[in-house]
$ cat target.tsv   # TSV, C-alpha atoms
chain	number	residue	atom	x	y	z
A	1	MET	CA	0.00	0.00	0.00
A	2	LYS	CA	1.46	3.34	-1.09
A	3	LYS	CA	-1.44	5.80	-1.19
A	4	ILE	CA	-4.21	6.46	1.31
A	5	ALA	CA	-6.95	9.07	1.59
A	6	VAL	CA	-8.65	10.79	4.51
A	7	LEU	CA	-12.00	12.55	4.73
A	8	THR	CA	-14.14	14.20	7.41
A	9	SER	CA	-17.86	13.64	7.22
A	10	GLY	CA	-21.03	14.74	9.00
A	11	GLY	CA	-20.90	17.20	11.89
A	12	ASP	CA	-17.55	18.83	12.60
A	13	ALA	CA	-15.84	18.31	15.95
A	14	PRO	CA	-12.88	20.10	17.58
A	15	GLY	CA	-9.85	17.83	17.36
A	16	MET	CA	-10.48	16.65	13.79
A	17	ASN	CA	-7.57	18.77	12.55
A	18	ALA	CA	-5.28	17.31	15.21
A	19	CYS	CA	-6.24	13.84	13.97
A	20	ILE	CA	-5.66	14.71	10.30
A	21	ARG	CA	-2.28	16.18	11.23
A	22	ALA	CA	-1.28	12.96	13.01
A	23	ILE	CA	-2.49	10.83	10.08
A	24	VAL	CA	-0.48	12.82	7.53
A	25	ARG	CA	2.74	12.97	9.52
A	26	SER	CA	2.56	9.36	10.69
A	27	ALA	CA	1.90	8.23	7.12
A	28	TYR	CA	4.84	10.12	5.67
A	29	ASN	CA	7.04	8.68	8.39
A	30	LYS	CA	6.11	5.25	6.94
A	31	ASP	CA	6.54	6.34	3.30
A	32	LEU	CA	2.82	6.52	2.60
A	33	LEU	CA	1.36	9.25	0.42
A	34	VAL	CA	-1.78	10.94	1.81
A	35	TYR	CA	-4.63	12.43	-0.18
A	36	GLY	CA	-7.17	14.72	1.42
A	37	ILE	CA	-10.76	14.52	0.25
A	38	GLN	CA	-12.60	17.81	0.65
A	39	TYR	CA	-16.28	17.94	1.65
A	40	GLY	CA	-16.53	14.36	2.88
A	41	TYR	CA	-18.30	11.68	0.85
A	42	SER	CA	-19.68	14.40	-1.43
A	43	GLY	CA	-16.15	15.42	-2.35
A	44	LEU	CA	-15.19	11.80	-2.94
A	45	ILE	CA	-18.02	11.44	-5.45
A	46	LYS	CA	-16.96	14.69	-7.15
A	47	ASN	CA	-13.29	13.64	-7.15
A	48	ASN	CA	-12.32	16.62	-4.99
A	49	ILE	CA	-9.05	14.99	-3.98
A	50	LYS	CA	-5.56	16.45	-3.49
A	51	ILE	CA	-2.25	15.45	-1.92
A	52	ILE	CA	-1.58	16.62	1.66
A	53	LYS	CA	2.04	17.02	2.73
A	54	PRO	CA	3.37	17.24	6.31
A	55	GLU	CA	3.97	20.97	5.97
A	56	ASP	CA	0.32	21.46	4.95
A	57	VAL	CA	-0.86	20.46	8.42
A	58	GLY	CA	1.46	22.77	10.33
A	59	ASN	CA	-0.25	25.08	12.84
A	60	THR	CA	-3.57	23.24	12.59
A	61	ILE	CA	-3.57	21.15	15.78
A	62	HIS	CA	-5.47	23.74	17.82
A	63	ILE	CA	-7.99	24.87	15.22
A	64	GLY	CA	-11.63	23.79	15.54
A	65	GLY	CA	-13.70	22.44	12.68
A	66	THR	CA	-11.96	20.64	9.82
A	67	PHE	CA	-9.73	22.21	7.19
A	68	LEU	CA	-10.78	19.41	4.80
A	69	LYS	CA	-14.36	20.73	5.13
A	70	THR	CA	-17.36	18.49	5.61
A	71	ALA	CA	-20.78	18.00	4.07
A	72	ARG	CA	-23.81	15.73	4.03
A	73	SER	CA	-24.15	13.59	0.91
A	74	LYS	CA	-27.51	12.21	-0.19
A	75	GLU	CA	-25.82	10.74	-3.26
A	76	PHE	CA	-23.57	8.54	-1.10
A	77	PHE	CA	-26.73	6.92	0.27
A	78	THR	CA	-27.21	5.37	-3.17
A	79	ARG	CA	-25.35	2.38	-4.58
A	80	GLU	CA	-24.58	4.34	-7.73
A	81	GLY	CA	-23.08	7.22	-5.74
A	82	ARG	CA	-20.84	4.87	-3.79
A	83	LYS	CA	-19.76	3.20	-7.04
A	84	ILE	CA	-18.60	6.57	-8.39
A	85	ALA	CA	-16.78	7.24	-5.12
A	86	TYR	CA	-14.93	3.92	-5.37
A	87	GLN	CA	-14.01	4.55	-9.00
A	88	ASN	CA	-12.49	7.90	-8.04
A	89	LEU	CA	-10.30	6.22	-5.45
A	90	LYS	CA	-9.15	3.71	-8.05
A	91	LYS	CA	-8.43	6.49	-10.57
A	92	ASN	CA	-6.06	8.01	-8.06
A	93	ASN	CA	-4.55	4.61	-7.19
A	94	ILE	CA	-5.64	5.00	-3.57
A	95	ASP	CA	-5.59	1.76	-1.59
A	96	GLY	CA	-7.00	2.79	1.78
A	97	LEU	CA	-9.56	5.24	3.17
A	98	ILE	CA	-9.68	6.82	6.65
A	99	VAL	CA	-13.06	8.24	7.68
A	100	LEU	CA	-13.42	10.74	10.52
A	101	GLY	CA	-17.00	11.18	11.71
A	102	GLY	CA	-19.95	10.13	13.83
A	103	ASP	CA	-22.34	7.20	13.62
A	104	GLY	CA	-23.77	8.12	10.21
A	105	SER	CA	-20.34	8.57	8.67
A	106	LEU	CA	-19.03	5.32	10.14
A	107	THR	CA	-22.15	3.45	9.03
A	108	GLY	CA	-21.47	4.74	5.52
A	109	ALA	CA	-17.86	3.58	5.80
A	110	ASN	CA	-19.04	0.11	6.81
A	111	ILE	CA	-21.35	-0.15	3.79
A	112	PHE	CA	-18.60	1.17	1.50
A	113	TYR	CA	-16.24	-1.55	2.71
A	114	LYS	CA	-18.79	-4.33	2.26
A	115	GLU	CA	-19.42	-3.32	-1.34
A	116	ASN	CA	-15.80	-2.77	-2.37
A	117	LYS	CA	-13.55	-4.59	0.13
A	118	LEU	CA	-11.32	-1.53	0.24
A	119	SER	CA	-9.26	-1.01	3.40
A	120	VAL	CA	-11.41	1.36	5.48
A	121	ILE	CA	-10.47	2.67	8.95
A	122	GLY	CA	-12.88	4.74	11.05
A	123	VAL	CA	-12.14	7.37	13.68
A	124	PRO	CA	-14.89	8.42	16.16
A	125	CYS	CA	-15.42	12.19	15.89
A	126	THR	CA	-18.60	13.64	17.39
A	127	ILE	CA	-19.51	15.92	20.28
A	128	ASP	CA	-22.41	13.55	21.03
A	129	ASN	CA	-20.06	10.84	22.38
A	130	ASP	CA	-22.50	8.14	21.28
A	131	ILE	CA	-20.06	5.95	19.33
A	132	TYR	CA	-19.61	2.40	20.56
A	133	GLY	CA	-16.04	1.19	21.08
A	134	THR	CA	-14.38	4.20	22.69
A	135	ASP	CA	-14.68	5.93	26.06
A	136	TYR	CA	-14.66	9.33	24.39
A	137	SER	CA	-14.99	10.50	20.83
A	138	ILE	CA	-12.93	13.36	19.41
A	139	GLY	CA	-14.68	16.68	20.03
A	140	PHE	CA	-16.61	15.71	23.14
A	141	ALA	CA	-14.21	17.26	25.66
A	142	SER	CA	-14.10	20.56	23.77
A	143	ALA	CA	-17.89	20.73	23.51
A	144	ARG	CA	-18.20	19.92	27.21
A	145	GLU	CA	-15.90	22.81	28.07
A	146	THR	CA	-17.89	25.18	25.85
A	147	VAL	CA	-21.15	24.13	27.51
A	148	VAL	CA	-19.78	24.51	31.04
A	149	GLU	CA	-18.40	27.96	30.25
A	150	ALA	CA	-21.79	29.02	28.87
A	151	ILE	CA	-23.69	27.65	31.89
A	152	ASP	CA	-21.31	29.41	34.28
A	153	LYS	CA	-22.23	32.70	32.62
A	154	ILE	CA	-25.95	31.92	32.55
A	155	ARG	CA	-25.82	31.07	36.26
A	156	ASP	CA	-24.58	34.58	37.04
A	157	THR	CA	-27.67	36.19	35.55
A	158	ALA	CA	-29.95	33.41	36.84
A	159	ALA	CA	-28.72	34.07	40.39
A	160	SER	CA	-29.05	37.83	40.02
A	161	HIS	CA	-32.68	37.59	38.93
A	162	GLU	CA	-33.56	34.43	40.89
A	163	ARG	CA	-34.53	32.59	37.74
A	164	ILE	CA	-35.11	28.96	36.84
A	165	PHE	CA	-33.00	28.56	33.69
A	166	ILE	CA	-33.34	25.64	31.26
A	167	VAL	CA	-30.23	25.21	29.10
A	168	GLU	CA	-30.51	22.95	26.05
A	169	VAL	CA	-27.38	21.15	24.85
A	170	MET	CA	-26.72	18.97	21.82
A	171	GLY	CA	-26.34	15.20	21.81
A	172	ARG	CA	-29.25	13.95	19.69
A	173	GLU	CA	-30.42	10.72	21.36
A	174	SER	CA	-27.46	10.62	23.76
A	175	GLY	CA	-27.40	12.38	27.12
A	176	SER	CA	-23.64	12.10	27.57
A	177	LEU	CA	-22.85	15.76	26.88
A	178	ALA	CA	-25.72	16.97	29.06
A	179	LEU	CA	-24.76	14.65	31.92
A	180	GLU	CA	-21.06	15.49	32.13
A	181	SER	CA	-21.58	19.20	31.44
A	182	GLY	CA	-24.36	19.35	34.03
A	183	ILE	CA	-22.22	17.78	36.72
A	184	ALA	CA	-19.26	20.03	35.94
A	185	ALA	CA	-21.46	23.13	35.98
A	186	GLY	CA	-23.24	22.16	39.20
A	187	ALA	CA	-26.68	21.98	37.58
A	188	GLU	CA	-29.56	21.32	39.95
A	189	LEU	CA	-31.32	19.03	37.46
A	190	ILE	CA	-30.12	17.12	34.39
A	191	LEU	CA	-32.64	15.78	31.88
A	192	ILE	CA	-31.42	13.15	29.42
A	193	PRO	CA	-33.27	10.91	26.93
A	194	GLU	CA	-32.00	7.72	28.58
A	195	LYS	CA	-34.10	8.50	31.66
A	196	LYS	CA	-37.82	8.89	31.06
A	197	TYR	CA	-39.69	11.64	32.89
A	198	SER	CA	-43.09	13.20	32.39
A	199	ILE	CA	-43.47	16.98	32.50
A	200	SER	CA	-45.27	16.44	35.80
A	201	ASP	CA	-42.22	14.63	37.20
A	202	VAL	CA	-39.95	17.45	36.06
A	203	THR	CA	-42.06	20.23	37.56
A	204	LYS	CA	-42.33	18.35	40.85
A	205	LYS	CA	-38.55	17.98	41.04
A	206	ILE	CA	-37.97	21.65	40.21
A	207	SER	CA	-40.67	22.74	42.64
A	208	LYS	CA	-39.05	20.74	45.45
A	209	ILE	CA	-35.65	22.33	44.80
A	210	ASN	CA	-37.24	25.75	44.36
A	211	VAL	CA	-38.47	25.75	47.95
A	212	GLU	CA	-34.87	26.22	49.08
A	213	LYS	CA	-33.34	27.77	45.96
A	214	LYS	CA	-34.87	30.43	43.70
A	215	SER	CA	-32.03	30.20	41.19
A	216	ILE	CA	-31.91	26.83	39.41
A	217	ILE	CA	-30.05	25.51	36.37
A	218	VAL	CA	-31.70	22.68	34.45
A	219	VAL	CA	-29.54	21.06	31.76
A	220	TYR	CA	-31.75	19.64	29.01
A	221	ALA	CA	-30.46	17.22	26.37
A	222	GLU	CA	-32.00	17.93	22.97
A	223	GLY	CA	-33.08	14.29	22.61
A	224	CYS	CA	-35.60	14.61	25.46
A	225	LYS	CA	-39.16	14.45	24.17
A	226	PHE	CA	-40.89	17.31	25.96
A	227	GLY	CA	-41.71	19.39	22.93
A	228	SER	CA	-40.39	22.93	22.64
A	229	LEU	CA	-38.58	24.59	25.51
A	230	LYS	CA	-41.10	27.40	25.27
A	231	LYS	CA	-43.85	24.90	26.04
A	232	LEU	CA	-41.85	23.31	28.87
A	233	SER	CA	-41.05	26.71	30.37
A	234	LYS	CA	-44.72	27.71	30.35
A	235	SER	CA	-45.69	24.44	32.00
A	236	ILE	CA	-43.15	24.91	34.80
A	237	LYS	CA	-44.16	28.51	35.30
A	238	SER	CA	-47.85	27.62	35.54
A	239	LYS	CA	-47.22	24.93	38.17
A	240	ILE	CA	-44.70	26.78	40.35
A	241	LYS	CA	-46.19	29.93	41.83
A	242	ASP	CA	-44.28	33.16	41.23
A	243	SER	CA	-41.53	31.31	39.35
A	244	ASN	CA	-39.34	33.17	36.89
A	245	VAL	CA	-38.51	30.73	34.09
A	246	ARG	CA	-36.17	31.33	31.14
A	247	TYR	CA	-34.47	29.06	28.63
A	248	SER	CA	-31.40	29.13	26.41
A	249	ILE	CA	-30.58	26.92	23.43
A	250	LEU	CA	-26.80	26.86	23.08
A	251	GLY	CA	-26.85	25.56	19.52
A	252	HIS	CA	-23.84	25.32	17.25
A	253	ILE	CA	-21.38	27.15	19.48
A	254	GLN	CA	-20.93	23.69	21.02
A	255	ARG	CA	-19.34	22.36	17.82
A	256	GLY	CA	-16.91	25.23	17.32
A	257	GLY	CA	-13.95	26.75	19.07
A	258	THR	CA	-10.39	25.79	19.88
A	259	ALA	CA	-9.84	22.10	20.58
A	260	THR	CA	-8.99	21.33	24.21
A	261	PRO	CA	-5.64	19.66	25.00
A	262	SER	CA	-7.40	16.35	25.66
A	263	ASP	CA	-9.05	16.40	22.23
A	264	ARG	CA	-5.75	17.30	20.58
A	265	ILE	CA	-4.06	14.37	22.34
A	266	LEU	CA	-6.91	11.96	21.55
A	267	GLY	CA	-6.92	13.07	17.92
A	268	SER	CA	-3.16	12.60	17.69
A	269	ILE	CA	-3.26	9.12	19.26
A	270	LEU	CA	-6.13	7.83	17.12
A	271	GLY	CA	-4.74	9.44	13.96
A	272	ASN	CA	-1.41	7.71	14.44
A	273	GLN	CA	-3.14	4.39	15.11
A	274	THR	CA	-5.02	4.51	11.79
A	275	ILE	CA	-1.67	4.27	10.01
A	276	GLU	CA	-0.61	1.37	12.21
A	277	CYS	CA	-3.86	-0.38	11.28
A	278	ILE	CA	-3.31	0.16	7.56
A	279	LEU	CA	0.26	-1.12	7.74
A	280	LYS	CA	-1.00	-4.25	9.53
A	281	ASN	CA	-3.60	-4.72	6.77
A	282	LYS	CA	-6.54	-4.15	9.10
A	283	LYS	CA	-9.81	-3.54	7.29
A	284	ASN	CA	-13.21	-2.21	8.28
A	285	VAL	CA	-12.30	-1.31	11.84
A	286	MET	CA	-12.65	1.76	14.05
A	287	VAL	CA	-9.84	2.83	16.36
A	288	GLY	CA	-10.91	3.80	19.87
A	289	LEU	CA	-9.50	4.39	23.32
A	290	VAL	CA	-10.89	2.41	26.29
A	291	ASN	CA	-9.26	2.72	29.71
A	292	ASN	CA	-6.39	4.55	27.97
A	293	LYS	CA	-5.68	1.57	25.74
A	294	ILE	CA	-6.16	1.37	21.98
A	295	VAL	CA	-8.98	-0.93	20.93
A	296	LEU	CA	-10.20	-1.95	17.49
A	297	ASN	CA	-13.84	-2.71	16.76
A	298	ASP	CA	-15.34	-4.00	13.56
A	299	LEU	CA	-17.25	-1.17	11.87
A	300	ASN	CA	-20.20	-3.50	11.46
A	301	ILE	CA	-20.45	-3.72	15.27
A	302	VAL	CA	-19.88	0.03	15.70
A	303	ALA	CA	-22.66	0.77	13.21
A	304	ASN	CA	-25.15	-1.34	15.14
A	305	LYS	CA	-24.38	-0.38	18.74
A	306	LYS	CA	-24.40	2.80	20.80
A	307	ASN	CA	-22.21	4.06	23.59
A	308	ILE	CA	-24.28	4.07	26.77
A	309	ILE	CA	-24.13	6.68	29.50
A	310	ASP	CA	-22.34	6.03	32.76
A	311	LYS	CA	-25.15	5.01	35.13
A	312	ASP	CA	-22.99	5.58	38.21
A	313	LEU	CA	-22.27	9.11	37.02
A	314	TYR	CA	-25.99	9.74	36.60
A	315	GLU	CA	-26.69	8.51	40.13
A	316	LEU	CA	-23.90	10.74	41.41
A	317	ALA	CA	-25.56	13.70	39.71
A	318	ASN	CA	-28.81	12.95	41.52
A	319	VAL	CA	-27.05	12.77	44.87
A	320	ILE	CA	-25.01	15.97	44.64
A	321	SER	CA	-27.23	18.21	42.50
A	322	ASN	CA	-30.69	18.40	44.11
A	323	TYR	CA	-29.87	20.91	46.84

$ encode --input "target.tsv" --output "structure tokens"
Amino acid sequence: MKKIAVLTSGGDAPGMNACIRAIVRSAYNKDLLVYGIQYGYSGLIKNNIKIIKPEDVGNTIHIGGTFLKTARSKEFFTREGRKIAYQNLKKNNIDGLIVLGGDGSLTGANIFYKENKLSVIGVPCTIDNDIYGTDYSIGFASARETVVEAIDKIRDTAASHERIFIVEVMGRESGSLALESGIAAGAELILIPEKKYSISDVTKKISKINVEKKSIIVVYAEGCKFGSLKKLSKSIKSKIKDSNVRYSILGHIQRGGTATPSDRILGSILGNQTIECILKNKKNVMVGLVNNKIVLNDLNIVANKKNIIDKDLYELANVISNY
């Protein structure tokens, strides 16, 4: 194997650039030529491919987002689109593909391998931290820091006005970001999709806390099924006399910003390991880190499982938060 390619797909995550940097420099150290595919699977279909040299990734380790750019690709969902993508790799004499992304991107990588038997290596990159086979995905730590910083600022105004503040964070169907951010920010209540509550349950919990505290932070994972936050806020306000309820949706600031040191280190470790996998002729695997040790999982397993939240951590949150 002499030529490999790397792409970033789906949602961006801080630390992706650190991972690309490690891939490129580790590859060149082993006499492998690296091609960068711009705009993810869409760019692969459009043959948007160019060589990346070690000097091209200088001064990128700290930068958020991905300098290779990313995009969603409906065409890659089709067999014909994936056929074109494979043909473009063959045109460029590329023997291996490294895919950085979340569950959708890695599911696509798994399908691509099954159809073409090309060497495909996946790297977990998502702020949702819902990828099976790794303790943490690249981008999670940076997003967690962004959320905690935002909540710290919201708490100042919540305390000043004695408000109940609901803060919505990303995570889709995973409550991992909400849970860890909520604990770090000292939230009084953390709502995650893995734990089912009714609106009545939520208002009762808030009301109980509100007897002692007028200023409350509720961290709300976007995957919770309570309808709009406007509706939830109105419901809480109607059931808690004289309550002052506000909400804030943090949105895409969670995906941006400078990568934290831990994400830069994780990106560097996993990026380097993709090259080790390729040199050992590994195919259709994702590199992950579990208990600070590198683990490899078949992409077929990764595509069909989810990372579950730490139940002990959730119980801890209940013990230390409701006062």

$ atom_distance --input "target.tsv" --atom1 "CA of Asp312 (chain A)" --atom2 "CA of Ser200 (chain A)"
24.9 Å

$ residues_around --input "target.tsv" --residues "Gly96 (chain A)" --least-positions-apart "2" --cutoff "8 Å" --atoms "all atoms listed in the file" --output "number ranges by chain"
A: 1, 3-5, 94, 98, 118-121, 278

$ residues_around --input "target.tsv" --residues "region 155-164 of chain A" --least-positions-apart "3" --cutoff "7 Å" --atoms "only C-alpha atoms" --output "list in words"
Ile151, Asp152, Lys214, Ser215, Ile216, Ile217, Asn244, Val245 and Arg246 of chain A

$ write_last_selection --input "target.tsv" --atoms "C-alpha atoms" --output "tab-separated table (two decimals), in the frame of the given file"
chain	number	residue	atom	x	y	z
A	151	ILE	CA	-23.69	27.65	31.89
A	152	ASP	CA	-21.31	29.41	34.28
A	214	LYS	CA	-34.87	30.43	43.70
A	215	SER	CA	-32.03	30.20	41.19
A	216	ILE	CA	-31.91	26.83	39.41
A	217	ILE	CA	-30.05	25.51	36.37
A	244	ASN	CA	-39.34	33.17	36.89
A	245	VAL	CA	-38.51	30.73	34.09
A	246	ARG	CA	-36.17	31.33	31.14

$ closest_residue --input "target.tsv" --among "A:Val169, A:Leu270, A:Leu44, A:Cys19" --to "His62 (chain A)" --atoms "all atoms listed in the file"
A:Cys19

$ residues_around --input "target.tsv" --residues "Leu97 (chain A)" --least-positions-apart "4" --cutoff "12 Å" --atoms "only C-alpha atoms" --output "PyMOL selection string"
chain A and resi 1-8+23+33-37+40-41+44+85-86+88-90+93+106+109-110+112-113+116-123+274-275+277-278+282-286

$ write_last_selection --input "target.tsv" --atoms "C-alpha atoms" --output "mmCIF file, keeping the file's coordinate frame"
data_model
loop_
_atom_site.group_PDB
_atom_site.id
_atom_site.type_symbol
_atom_site.label_atom_id
_atom_site.label_comp_id
_atom_site.auth_asym_id
_atom_site.auth_seq_id
_atom_site.Cartn_x
_atom_site.Cartn_y
_atom_site.Cartn_z
ATOM 1 C CA MET A 1 0.000 0.000 0.000
ATOM 2 C CA LYS A 2 1.460 3.340 -1.090
ATOM 3 C CA LYS A 3 -1.440 5.800 -1.190
ATOM 4 C CA ILE A 4 -4.210 6.460 1.310
ATOM 5 C CA ALA A 5 -6.950 9.070 1.590
ATOM 6 C CA VAL A 6 -8.650 10.790 4.510
ATOM 7 C CA LEU A 7 -12.000 12.550 4.730
ATOM 8 C CA THR A 8 -14.140 14.200 7.410
ATOM 9 C CA ILE A 23 -2.490 10.830 10.080
ATOM 10 C CA LEU A 33 1.360 9.250 0.420
ATOM 11 C CA VAL A 34 -1.780 10.940 1.810
ATOM 12 C CA TYR A 35 -4.630 12.430 -0.180
ATOM 13 C CA GLY A 36 -7.170 14.720 1.420
ATOM 14 C CA ILE A 37 -10.760 14.520 0.250
ATOM 15 C CA GLY A 40 -16.530 14.360 2.880
ATOM 16 C CA TYR A 41 -18.300 11.680 0.850
ATOM 17 C CA LEU A 44 -15.190 11.800 -2.940
ATOM 18 C CA ALA A 85 -16.780 7.240 -5.120
ATOM 19 C CA TYR A 86 -14.930 3.920 -5.370
ATOM 20 C CA ASN A 88 -12.490 7.900 -8.040
ATOM 21 C CA LEU A 89 -10.300 6.220 -5.450
ATOM 22 C CA LYS A 90 -9.150 3.710 -8.050
ATOM 23 C CA ASN A 93 -4.550 4.610 -7.190
ATOM 24 C CA LEU A 106 -19.030 5.320 10.140
ATOM 25 C CA ALA A 109 -17.860 3.580 5.800
ATOM 26 C CA ASN A 110 -19.040 0.110 6.810
ATOM 27 C CA PHE A 112 -18.600 1.170 1.500
ATOM 28 C CA TYR A 113 -16.240 -1.550 2.710
ATOM 29 C CA ASN A 116 -15.800 -2.770 -2.370
ATOM 30 C CA LYS A 117 -13.550 -4.590 0.130
ATOM 31 C CA LEU A 118 -11.320 -1.530 0.240
ATOM 32 C CA SER A 119 -9.260 -1.010 3.400
ATOM 33 C CA VAL A 120 -11.410 1.360 5.480
ATOM 34 C CA ILE A 121 -10.470 2.670 8.950
ATOM 35 C CA GLY A 122 -12.880 4.740 11.050
ATOM 36 C CA VAL A 123 -12.140 7.370 13.680
ATOM 37 C CA THR A 274 -5.020 4.510 11.790
ATOM 38 C CA ILE A 275 -1.670 4.270 10.010
ATOM 39 C CA CYS A 277 -3.860 -0.380 11.280
ATOM 40 C CA ILE A 278 -3.310 0.160 7.560
ATOM 41 C CA LYS A 282 -6.540 -4.150 9.100
ATOM 42 C CA LYS A 283 -9.810 -3.540 7.290
ATOM 43 C CA ASN A 284 -13.210 -2.210 8.280
ATOM 44 C CA VAL A 285 -12.300 -1.310 11.840
ATOM 45 C CA MET A 286 -12.650 1.760 14.050
#

$ closest_residue --input "target.tsv" --among "A:Asp128, A:Gly101, A:Ser262, A:Gly43" --to "Glu180 (chain A)" --atoms "only C-alpha atoms"
A:Asp128

$ residues_around --input "target.tsv" --residues "Lys305 (chain A)" --least-positions-apart "4" --cutoff "12 Å" --atoms "only C-alpha atoms" --output "list in words"
Asp103, Leu106, Thr107, Asp130, Ile131, Tyr132, Gly133, Thr134, Asn297, Asp298, Leu299, Asn300 and Ile301 of chain A

$ build_atoms --input "target.tsv" --residues "region 201-213 of chain A" --atoms "N, CA and C atoms" --output "compact mmCIF listing (two decimals), in the frame of the given file"
# COMPACT_ATOMS: atom_id res chain seq x y z
N ASP A 201 -43.37 15.03 36.39
CA ASP A 201 -42.22 14.63 37.20
C ASP A 201 -41.20 15.76 37.29
N VAL A 202 -40.96 16.38 36.13
CA VAL A 202 -39.95 17.45 36.06
C VAL A 202 -40.36 18.64 36.92
N THR A 203 -41.60 19.06 36.79
CA THR A 203 -42.06 20.23 37.56
C THR A 203 -42.06 19.94 39.06
N LYS A 204 -42.36 18.71 39.43
CA LYS A 204 -42.33 18.35 40.85
C LYS A 204 -40.90 18.44 41.40
N LYS A 205 -39.95 17.93 40.61
CA LYS A 205 -38.55 17.98 41.04
C LYS A 205 -38.07 19.43 41.18
N ILE A 206 -38.40 20.24 40.18
CA ILE A 206 -37.97 21.65 40.21
C ILE A 206 -38.64 22.38 41.37
N SER A 207 -39.92 22.10 41.56
CA SER A 207 -40.67 22.74 42.64
C SER A 207 -40.06 22.42 44.00
N LYS A 208 -39.65 21.17 44.18
CA LYS A 208 -39.05 20.74 45.45
C LYS A 208 -37.74 21.49 45.71
N ILE A 209 -36.91 21.61 44.67
CA ILE A 209 -35.65 22.33 44.80
C ILE A 209 -35.91 23.82 45.02
N ASN A 210 -36.93 24.32 44.34
CA ASN A 210 -37.24 25.75 44.36
C ASN A 210 -37.69 26.26 45.73
N VAL A 211 -38.10 25.35 46.59
CA VAL A 211 -38.47 25.75 47.95
C VAL A 211 -37.26 26.35 48.67
N GLU A 212 -36.09 25.76 48.42
CA GLU A 212 -34.87 26.22 49.08
C GLU A 212 -34.06 27.16 48.20
N LYS A 213 -34.15 26.98 46.88
CA LYS A 213 -33.34 27.77 45.96
C LYS A 213 -34.22 28.44 44.90
